[in-house]
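Below is one structure; the comments refer to it alone.
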Amino acid sequence: MIRGADLAAIVGIALGSALLVGVIGLAALRLSRRASMLVQVSIVALTGAVSVAVGMTAVARAMFLSPHDLLVSLWVAGIAAIVSLGVAVALAVTFVRQARRVRRIAEALGDGGAVEAPDGSGSELAAVADQLARTSRRLEEARTEVAALDASRRELIAWISHDLRTPLAGLRAMAEALEDGMADDPQRFHRQMRVQVDHLSDLVDDLFELSKIQSGRLALTMETVSLHDLVSDAVAELRALADARQVTIRESPRPDVLVRGDPRELGRVVGNLLINAIQYSPPGRAVSVTTHIDDSGRAVLGVVDQGGGIPPEDLERVFEAGWRAAASRTPDAGGTGTVWGRSSGAGLGLAIAQGIVVAHDGEIRARNVEGGSRFEVLLPQATAA
């Protein structure tokens, strides 16, 4: 058994040797602070191994151990140091590889490029790399969405600018004709000017409604609403437009389909869908309006036109603000430039309808059917009072 004095001497010698070697190791780390992680981890491993060897040598000399025993101890310590250094190098290589992966991901994040998927290992650096990769994917999706919104906004501005120039040019021409006394029928000019002013007013109203929807400032007055009443009112209001275009409106809404919503805004949705269907149905065709309850218990409003359908590549864009149908589906405006005070005709009606439906926790979708297209509004059903 080791005596207390001998144990104290061993501990003191070992501690002194370890501190000395540790100070040298810290100095080496400081000098190599710009070196790779592999070098720094190797210095740490070597510091531990050297401190053991120096401590054993110092203790052996103080305790007058035999050279044979000291040599054996040093060999044991040396082999342990080599193995420890190998393990440390392997760990450092893995650490450096993961650190480089994190750096590449960070560089890709800064450049806006694609990010490689992490290898799925469970270390802290791998977790950081995985989080950075997920962040990069979200940023890429956000950039794609922003680019699409920016392109849509530019397209909308171009359409709106065109729609503003046309009535303004007509108003200016008619005003100059009236001012110069060149109008043969001033009353006709006055009527046409009022029509153009109504069109401008509808356009401004649509833009204001769209801005409220996109900014989240759309205020809803919720109450129990009958889809039957909404359809009947919209059909009565748009009957003259349908007759002028020689389009028949066939309505068969169920009287028991009730929803919870703002009657004014939902009425606008029904009106916009009907206007869209009437516009794209050729003369002599019919527009159908139905309501029912689907299997999930939601109220469904369906509007079907006979306009030949929508190109499949455009089905995803029909609800974008400013989107216009292909030329084959674009109807003749009839020279009026307005649609009975319900829509400006600027490609905003479906975008407004979608915003209102989403604000009611509903869904609106479009699909092609035989001979035309079908728009469906799905809303949560309300119970009868």
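Just so we're on the same page: first chain in the structure tokens is A, next is B, and so on; residues restart at 1 for each chain, and ligands are numbered from 1 in the order they show up.
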
So which bits of stretch 121-249 of chain A end up strand (DSSP E) when you DSSP the backbone, as a compact mmCIF listing (two decimals) with all heavy atoms, in the first residue's frame?
```
# COMPACT_ATOMS: atom_id res chain seq x y z
N GLU A 223 -73.11 36.40 -40.64
CA GLU A 223 -74.47 36.00 -40.31
C GLU A 223 -74.81 34.77 -41.13
O GLU A 223 -74.06 34.36 -42.02
CB GLU A 223 -75.46 37.14 -40.59
CG GLU A 223 -75.46 37.59 -42.05
CD GLU A 223 -76.41 38.77 -42.27
OE1 GLU A 223 -76.03 39.90 -41.90
OE2 GLU A 223 -77.52 38.53 -42.80
N THR A 224 -75.94 34.15 -40.83
CA THR A 224 -76.36 32.99 -41.59
C THR A 224 -76.93 33.44 -42.93
O THR A 224 -77.83 34.27 -42.98
CB THR A 224 -77.42 32.19 -40.81
OG1 THR A 224 -76.84 31.75 -39.57
CG2 THR A 224 -77.85 30.97 -41.60
N VAL A 225 -76.39 32.88 -44.00
CA VAL A 225 -76.74 33.32 -45.35
C VAL A 225 -77.23 32.12 -46.15
O VAL A 225 -76.65 31.02 -46.09
CB VAL A 225 -75.53 33.97 -46.06
CG1 VAL A 225 -75.93 34.48 -47.44
CG2 VAL A 225 -74.97 35.10 -45.21
N SER A 226 -78.29 32.33 -46.93
CA SER A 226 -78.80 31.29 -47.82
C SER A 226 -78.15 31.45 -49.19
O SER A 226 -78.24 32.51 -49.82
CB SER A 226 -80.32 31.40 -47.95
OG SER A 226 -80.80 30.59 -49.01
N THR A 248 -78.14 31.93 -71.73
CA THR A 248 -79.21 31.54 -70.81
C THR A 248 -78.59 31.15 -69.46
O THR A 248 -77.58 30.45 -69.41
CB THR A 248 -79.98 30.33 -71.36
OG1 THR A 248 -80.52 30.67 -72.64
CG2 THR A 248 -81.11 29.93 -70.42
N ILE A 249 -79.20 31.63 -68.38
CA ILE A 249 -78.77 31.26 -67.03
C ILE A 249 -79.74 30.24 -66.47
O ILE A 249 -80.94 30.51 -66.34
CB ILE A 249 -78.69 32.48 -66.10
CG1 ILE A 249 -77.73 33.52 -66.66
CG2 ILE A 249 -78.24 32.05 -64.71
CD1 ILE A 249 -77.63 34.77 -65.80
```

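Using only C-alpha atoms, the residues found no farther than 9 Å from A:Leu38, other than those of its own chain fewer than 6 positions away, are Ala88, Val89, Ala90, Leu91, Ala92, Val93, Phe95 and Val96 of chain A.
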
Using N, CA and C atoms, can you export the residues from the last selection as an mmCIF file, in the first residue's frame?
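This went into out07.cif:
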```cif
data_model
loop_
_atom_site.group_PDB
_atom_site.id
_atom_site.type_symbol
_atom_site.label_atom_id
_atom_site.label_comp_id
_atom_site.auth_asym_id
_atom_site.auth_seq_id
_atom_site.Cartn_x
_atom_site.Cartn_y
_atom_site.Cartn_z
ATOM 1 N N ALA A 88 -8.365 10.678 -32.133
ATOM 2 C CA ALA A 88 -8.553 12.127 -32.221
ATOM 3 C C ALA A 88 -8.525 12.601 -33.662
ATOM 4 N N VAL A 89 -7.608 12.049 -34.467
ATOM 5 C CA VAL A 89 -7.537 12.431 -35.884
ATOM 6 C C VAL A 89 -8.818 12.032 -36.612
ATOM 7 N N ALA A 90 -9.321 10.820 -36.332
ATOM 8 C CA ALA A 90 -10.570 10.378 -36.969
ATOM 9 C C ALA A 90 -11.720 11.313 -36.597
ATOM 10 N N LEU A 91 -11.773 11.670 -35.298
ATOM 11 C CA LEU A 91 -12.815 12.599 -34.864
ATOM 12 C C LEU A 91 -12.649 13.951 -35.537
ATOM 13 N N ALA A 92 -11.391 14.410 -35.643
ATOM 14 C CA ALA A 92 -11.141 15.710 -36.262
ATOM 15 C C ALA A 92 -11.521 15.706 -37.736
ATOM 16 N N VAL A 93 -11.238 14.588 -38.426
ATOM 17 C CA VAL A 93 -11.600 14.495 -39.848
ATOM 18 C C VAL A 93 -13.118 14.594 -40.025
ATOM 19 N N PHE A 95 -15.218 15.947 -37.935
ATOM 20 C CA PHE A 95 -15.609 17.305 -37.548
ATOM 21 C C PHE A 95 -15.322 18.298 -38.667
ATOM 22 N N VAL A 96 -14.132 18.150 -39.290
ATOM 23 C CA VAL A 96 -13.769 19.057 -40.379
ATOM 24 C C VAL A 96 -14.703 18.865 -41.563
#
```

(message) Report as a list in words all protein, DNA and RNA residues lying within 12 Å of A:Asp233, evaluated on only C-alpha atoms, omitting residues in the same chain fewer than 6 positions from it.
(response) Ser226, Leu227, Arg239, Glu251, Pro253, Pro263, Arg264, Leu266, Gly267, Arg268, Val270, Gly271 and Leu274 of chain A

(message) Using only C-alpha atoms for the distances, tell me which of A:His360, A:Arg101, A:Arg298, A:Arg34 is nearest to A:Val257.
(response) A:Arg298
